[in-house]
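Trainee: First the structure, which I've put down as structure tokens, then a few questions once you've had a look.
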Amino acid sequence: MLKGRHVIEPGNLSIQEIDEICDLADQMIVDSAAFSDVCRGKLLATLFFEPSTRTRLSFEASMLRLGGSVLGFADSANTSTTKGETLADTIRTVASYVDIIAMRNPKEGSALVGSQYSTVPVINAGDGGHHHPTQTLTDLLTIRSLKGGFEGHTIGLCGDLKFGRTVHSLAKAMSRYKNNKFVLINPPELEIPQYITDQVFRPAGIECVQALRLEEVIGELDILYMTRVQAERFFNEQDYIRLKDSYILDKEKMRMAKDSMIVLHPLPRVNEISPEVDADPRAAYFKQVKYGMFSRMALIAKLTGVL
């Protein structure tokens with residue numbers, strides 16, 4: 001039973017619960033009109049202390065498509081945090097008005113702190129370089145829809161594996177399923193955190209391969225998950241400039257890939273996927289956006305208890 005629960009990281013959801021959410025999302029994809037009134041009278045707050053386009057609008061579109069309403073902010077500069085109000089007090093206040101909260105904050109652990117003061121479900125919409133569970137649900141629904149299931153895949157994670165919260169969350173989620181292998185493609189400065197290796201891959205017996213060049217391994221992959229190098233996570237601009245174009249996926253590299261491989265990206269992209277790849281049928285990142293709305297619709301319906 002998911003009603004009333006917080007979702008702070010992918011581990012908060014069991015494999016069975018993920019399947020239930022994906023099953024409900026599949027029903028919504030087939031006949032979204034059948035669910036257009038299930039959240040009437042429910043109110044979602046979107047508290048975005050950090051810029052976002054897709055995630056915030058996806059949450060808002062999801063609640064509106066379920067017949068509910070939305071309030072919130074997309075710029076913390078217009079809130080009482082500028083007066084020194086604590087996150088705890090903001091959450092306590094907003095929870096008095098709404099039925100569910102989606103929050104993004106640049107500080108790692110902020111969503112967990114918020115959930116400790118909230119009387120309604122809190123969904124982590126991204127906390128710094130830590131977690132992004134609804135992006136993971138989006139990725140999982142996309143993988144299940146396009147690849148037929150969650151098991152037996154060789155998954156390439158490419159780009160910023162150090163700060164990329166979507167990568168960390170997906171690694172945790174896919175490590176729970178059988179016979180998956182990870183290929184980590186990154187410059188030495190952007191290696192995946194040691195805790196992912198020690199606490200996720202190793203206990204699950206996951207096979208991991210490290211690569212410096214995408215061309216060397218792209219032919220082995222079933223799923224290629226591209227990420228951008230995030231300027232906002234760097235303290236030194238020179239380091240960002242040096243690393244930002246480390247990996248660029250283009251037509252030439254796609255020729256080396258399997259016909260059945262899919263390319264995912266949490267977006268926004270900068271230079272890491274050339275626009276010429278968009279027309280390739282294996283490019284699934286804009287399909288991924290739509291799957292994201294349906295996965296959030298299903299999660300909201302489950303957490304509010306309407307379905």
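Residues are named by chain letter and number: chains run A, B, ... in the order of the structure tokens, numbers start at 1 in each chain, and ligands are numbered from 1 in the order shown.
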Run DSSP on the backbone and tell me which residues of stretch 96-234 of chain A come out as strand (DSSP E); list them as a PyMOL selection string.
Mentor: chain A and resi 100-105+122-127+154-158+181-185+207-211+223-226
Trainee: Distance table requested - stretch 12-105 of chain A against stretch 135-139 of chain A, cut-off 9 Å, only C-alpha atoms: one row per qualifying residue with the closest atom pair and its distance in Å to one decimal, ordered by chain and rising residue number, as a Markdown table.
Mentor:
| residue | atom | partner | partner_atom | distance |
| --- | --- | --- | --- | --- |
| A:Ile18 | CA | A:Leu137 | CA | 7.6 |
| A:Ile21 | CA | A:Leu137 | CA | 8.5 |
| A:Cys22 | CA | A:Leu137 | CA | 8.0 |
| A:Thr55 | CA | A:Gln135 | CA | 8.1 |
Trainee: Only N, CA, C and O atoms, please: the residues just picked out, written as an mmCIF file, in the first residue's frame.
Mentor:
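That gives us again.cif:
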data_model
loop_
_atom_site.group_PDB
_atom_site.id
_atom_site.type_symbol
_atom_site.label_atom_id
_atom_site.label_comp_id
_atom_site.auth_asym_id
_atom_site.auth_seq_id
_atom_site.Cartn_x
_atom_site.Cartn_y
_atom_site.Cartn_z
ATOM 1 N N ILE A 18 7.199 -1.103 -7.804
ATOM 2 C CA ILE A 18 7.606 -0.527 -9.089
ATOM 3 C C ILE A 18 6.791 -1.147 -10.215
ATOM 4 O O ILE A 18 6.312 -0.448 -11.115
ATOM 5 N N ILE A 21 3.300 0.343 -10.191
ATOM 6 C CA ILE A 21 3.284 1.702 -10.741
ATOM 7 C C ILE A 21 3.393 1.647 -12.265
ATOM 8 O O ILE A 21 2.667 2.354 -12.980
ATOM 9 N N CYS A 22 4.295 0.813 -12.769
ATOM 10 C CA CYS A 22 4.454 0.686 -14.224
ATOM 11 C C CYS A 22 3.199 0.105 -14.873
ATOM 12 O O CYS A 22 2.801 0.534 -15.965
ATOM 13 N N THR A 55 10.925 18.287 -15.268
ATOM 14 C CA THR A 55 10.418 17.646 -14.055
ATOM 15 C C THR A 55 9.257 18.434 -13.463
ATOM 16 O O THR A 55 8.208 17.862 -13.127
#
Trainee: With the cut-off set at 12 Å and counting only C-alpha atoms, tabulate each residue of stretch 126-225 of chain A with an atom at most that distance from an atom of stretch 276-300 of chain A, showing the nearest atom pair and its distance in Å to one decimal, ordered by chain and increasing number, as a Markdown table.
Mentor:
| residue | atom | partner | partner_atom | distance |
| --- | --- | --- | --- | --- |
| A:Pro133 | CA | A:Arg296 | CA | 10.3 |
| A:Thr134 | CA | A:Arg296 | CA | 6.7 |
| A:Gln135 | CA | A:Gly292 | CA | 7.0 |
| A:Thr136 | CA | A:Gly292 | CA | 9.1 |
| A:Leu137 | CA | A:Ser295 | CA | 6.3 |
| A:Thr138 | CA | A:Gly292 | CA | 4.4 |
| A:Asp139 | CA | A:Gln288 | CA | 6.9 |
| A:Leu140 | CA | A:Ser295 | CA | 9.2 |
| A:Leu141 | CA | A:Tyr291 | CA | 6.6 |
| A:Thr142 | CA | A:Gln288 | CA | 5.8 |
| A:Ile143 | CA | A:Gln288 | CA | 9.0 |
| A:Arg144 | CA | A:Tyr291 | CA | 10.7 |
| A:Ser145 | CA | A:Tyr291 | CA | 9.1 |
| A:Leu146 | CA | A:Ala284 | CA | 8.7 |
| A:Lys147 | CA | A:Arg282 | CA | 11.2 |
| A:Asp222 | CA | A:Arg282 | CA | 10.4 |
| A:Ile223 | CA | A:Arg282 | CA | 9.6 |
| A:Leu224 | CA | A:Ala283 | CA | 9.7 |
| A:Tyr225 | CA | A:Tyr285 | CA | 9.4 |
Trainee: Keeping N, CA, C and O atoms for every residue in the selection just given, could you write it to a file as a short mmCIF file (atom, residue, chain, number, x, y, z; two decimals), in the first residue's frame?
Mentor:
data_model
loop_
_atom_site.label_atom_id
_atom_site.label_comp_id
_atom_site.auth_asym_id
_atom_site.auth_seq_id
_atom_site.Cartn_x
_atom_site.Cartn_y
_atom_site.Cartn_z
N PRO A 133 14.22 9.95 -7.78
CA PRO A 133 13.48 8.69 -7.96
C PRO A 133 12.43 8.70 -9.06
O PRO A 133 12.20 7.67 -9.69
N THR A 134 11.79 9.85 -9.33
CA THR A 134 10.78 9.82 -10.40
C THR A 134 11.43 9.81 -11.78
O THR A 134 10.82 9.33 -12.73
N GLN A 135 12.66 10.32 -11.90
CA GLN A 135 13.38 10.12 -13.16
C GLN A 135 13.70 8.64 -13.32
O GLN A 135 13.65 8.10 -14.43
N THR A 136 14.00 7.98 -12.22
CA THR A 136 14.26 6.54 -12.28
C THR A 136 13.02 5.78 -12.70
O THR A 136 13.09 4.85 -13.51
N LEU A 137 11.85 6.14 -12.14
CA LEU A 137 10.60 5.51 -12.58
C LEU A 137 10.38 5.74 -14.08
O LEU A 137 9.95 4.85 -14.80
N THR A 138 10.69 6.96 -14.52
CA THR A 138 10.60 7.28 -15.95
C THR A 138 11.50 6.36 -16.77
O THR A 138 11.09 5.77 -17.78
N ASP A 139 12.75 6.22 -16.32
CA ASP A 139 13.72 5.38 -17.02
C ASP A 139 13.26 3.93 -17.04
O ASP A 139 13.35 3.24 -18.06
N LEU A 140 12.74 3.46 -15.91
CA LEU A 140 12.31 2.06 -15.81
C LEU A 140 11.11 1.80 -16.72
O LEU A 140 11.05 0.77 -17.41
N LEU A 141 10.14 2.71 -16.72
CA LEU A 141 8.98 2.53 -17.59
C LEU A 141 9.41 2.54 -19.05
O LEU A 141 8.91 1.75 -19.87
N THR A 142 10.35 3.41 -19.40
CA THR A 142 10.86 3.47 -20.77
C THR A 142 11.55 2.17 -21.14
O THR A 142 11.32 1.60 -22.23
N ILE A 143 12.40 1.68 -20.25
CA ILE A 143 13.14 0.43 -20.51
C ILE A 143 12.17 -0.74 -20.66
O ILE A 143 12.29 -1.56 -21.58
N ARG A 144 11.20 -0.83 -19.74
CA ARG A 144 10.25 -1.94 -19.81
C ARG A 144 9.43 -1.87 -21.09
O ARG A 144 9.16 -2.90 -21.74
N SER A 145 9.02 -0.67 -21.48
CA SER A 145 8.18 -0.50 -22.67
C SER A 145 8.93 -0.79 -23.96
O SER A 145 8.39 -1.38 -24.89
N LEU A 146 10.21 -0.38 -24.01
CA LEU A 146 10.98 -0.50 -25.26
C LEU A 146 11.86 -1.74 -25.33
O LEU A 146 12.21 -2.18 -26.43
N LYS A 147 12.24 -2.28 -24.16
CA LYS A 147 13.13 -3.45 -24.14
C LYS A 147 12.45 -4.70 -23.59
O LYS A 147 13.06 -5.76 -23.54
N ASP A 222 23.06 -2.64 -24.74
CA ASP A 222 21.63 -2.72 -25.03
C ASP A 222 20.94 -1.39 -24.73
O ASP A 222 19.95 -1.03 -25.37
N ILE A 223 21.49 -0.68 -23.75
CA ILE A 223 20.96 0.62 -23.34
C ILE A 223 22.15 1.56 -23.16
O ILE A 223 23.10 1.21 -22.46
N LEU A 224 22.10 2.72 -23.78
CA LEU A 224 23.12 3.75 -23.56
C LEU A 224 22.45 4.93 -22.88
O LEU A 224 21.55 5.55 -23.44
N TYR A 225 22.90 5.22 -21.66
CA TYR A 225 22.33 6.32 -20.87
C TYR A 225 23.33 7.46 -20.87
O TYR A 225 24.34 7.42 -20.17
#
Trainee: In terms of the shortest atom-to-atom distance over only C-alpha atoms, which of A:Val120, A:Ala211, A:Val7, A:Val38 is closest to A:Val306?
Mentor: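 The shortest atom-to-atom distance to A:Val306 comes from A:Val38.
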Trainee: Using only C-alpha atoms, find each residue of stretch 172-236 of chain A with at least one atom at most 12 Å away from an atom of stretch 246-270 of chain A; report its shortest atom-to-atom pair and that distance in Å (one decimal), sort the rows by chain and rising residue number, and return the result as CSV.
Mentor:
residue,atom,partner,partner_atom,distance
A:Ile185,CA,A:Tyr247,CA,8.9
A:Asn186,CA,A:Ser246,CA,8.0
A:Pro187,CA,A:Ser246,CA,7.3
A:Pro188,CA,A:Ser246,CA,11.0
A:Glu189,CA,A:Ser246,CA,11.1
A:Leu190,CA,A:Ser246,CA,10.4
A:Ala211,CA,A:Tyr247,CA,11.8
A:Leu212,CA,A:Ser246,CA,9.5
A:Arg213,CA,A:Tyr247,CA,8.0
A:Leu214,CA,A:Tyr247,CA,7.3
A:Glu215,CA,A:Lys253,CA,6.3
A:Glu216,CA,A:Met256,CA,9.3
A:Val217,CA,A:Ala257,CA,8.8
A:Ile218,CA,A:Ala257,CA,5.5
A:Gly219,CA,A:Ala257,CA,4.3
A:Glu220,CA,A:Ala257,CA,7.4
A:Leu221,CA,A:Met261,CA,6.4
A:Asp222,CA,A:Met261,CA,4.5
A:Ile223,CA,A:Ile262,CA,5.1
A:Leu224,CA,A:Val263,CA,4.8
A:Tyr225,CA,A:Leu264,CA,4.8
A:Met226,CA,A:His265,CA,5.1
A:Thr227,CA,A:His265,CA,6.0
A:Arg228,CA,A:Arg269,CA,6.0
A:Val229,CA,A:Ser246,CA,8.5
A:Gln230,CA,A:Val270,CA,9.5
A:Ala231,CA,A:Val270,CA,10.6
Trainee: Tell me, in Å to one decimal, how far atom CA of A:Phe201 is from atom CA of A:Lys162.
Mentor: 15.2 Å
Trainee: Restricting the calculation to only C-alpha atoms, which member of A:Ala204, A:Ala74, A:Leu64, A:Leu43 is positioned closest to A:Met103?
Mentor: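 Using only C-alpha atoms, the shortest distance to A:Met103 belongs to A:Ala74.
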Trainee: Which residues, written as a list in words, have at least one atom at most 7 Å from A:Arg5, with only C-alpha atoms counted and residues fewer than 3 positions away on the same chain left out?
Mentor: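 Returned residues: Leu2, Pro121 and Leu303 of chain A.
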Trainee: Would you save the residues from that selection as a compact mmCIF listing (two decimals), in the first residue's frame, using N, CA and C atoms?
Mentor:
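Saved the output as part.txt:
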# COMPACT_ATOMS: atom_id res chain seq x y z
N LEU A 2 0.73 2.07 -1.02
CA LEU A 2 1.59 3.25 -1.16
C LEU A 2 0.96 4.52 -0.61
N PRO A 121 2.45 13.13 1.76
CA PRO A 121 3.57 12.51 1.04
C PRO A 121 4.48 13.52 0.37
N LEU A 303 0.14 7.41 -4.30
CA LEU A 303 0.49 8.04 -3.02
C LEU A 303 -0.70 8.77 -2.40
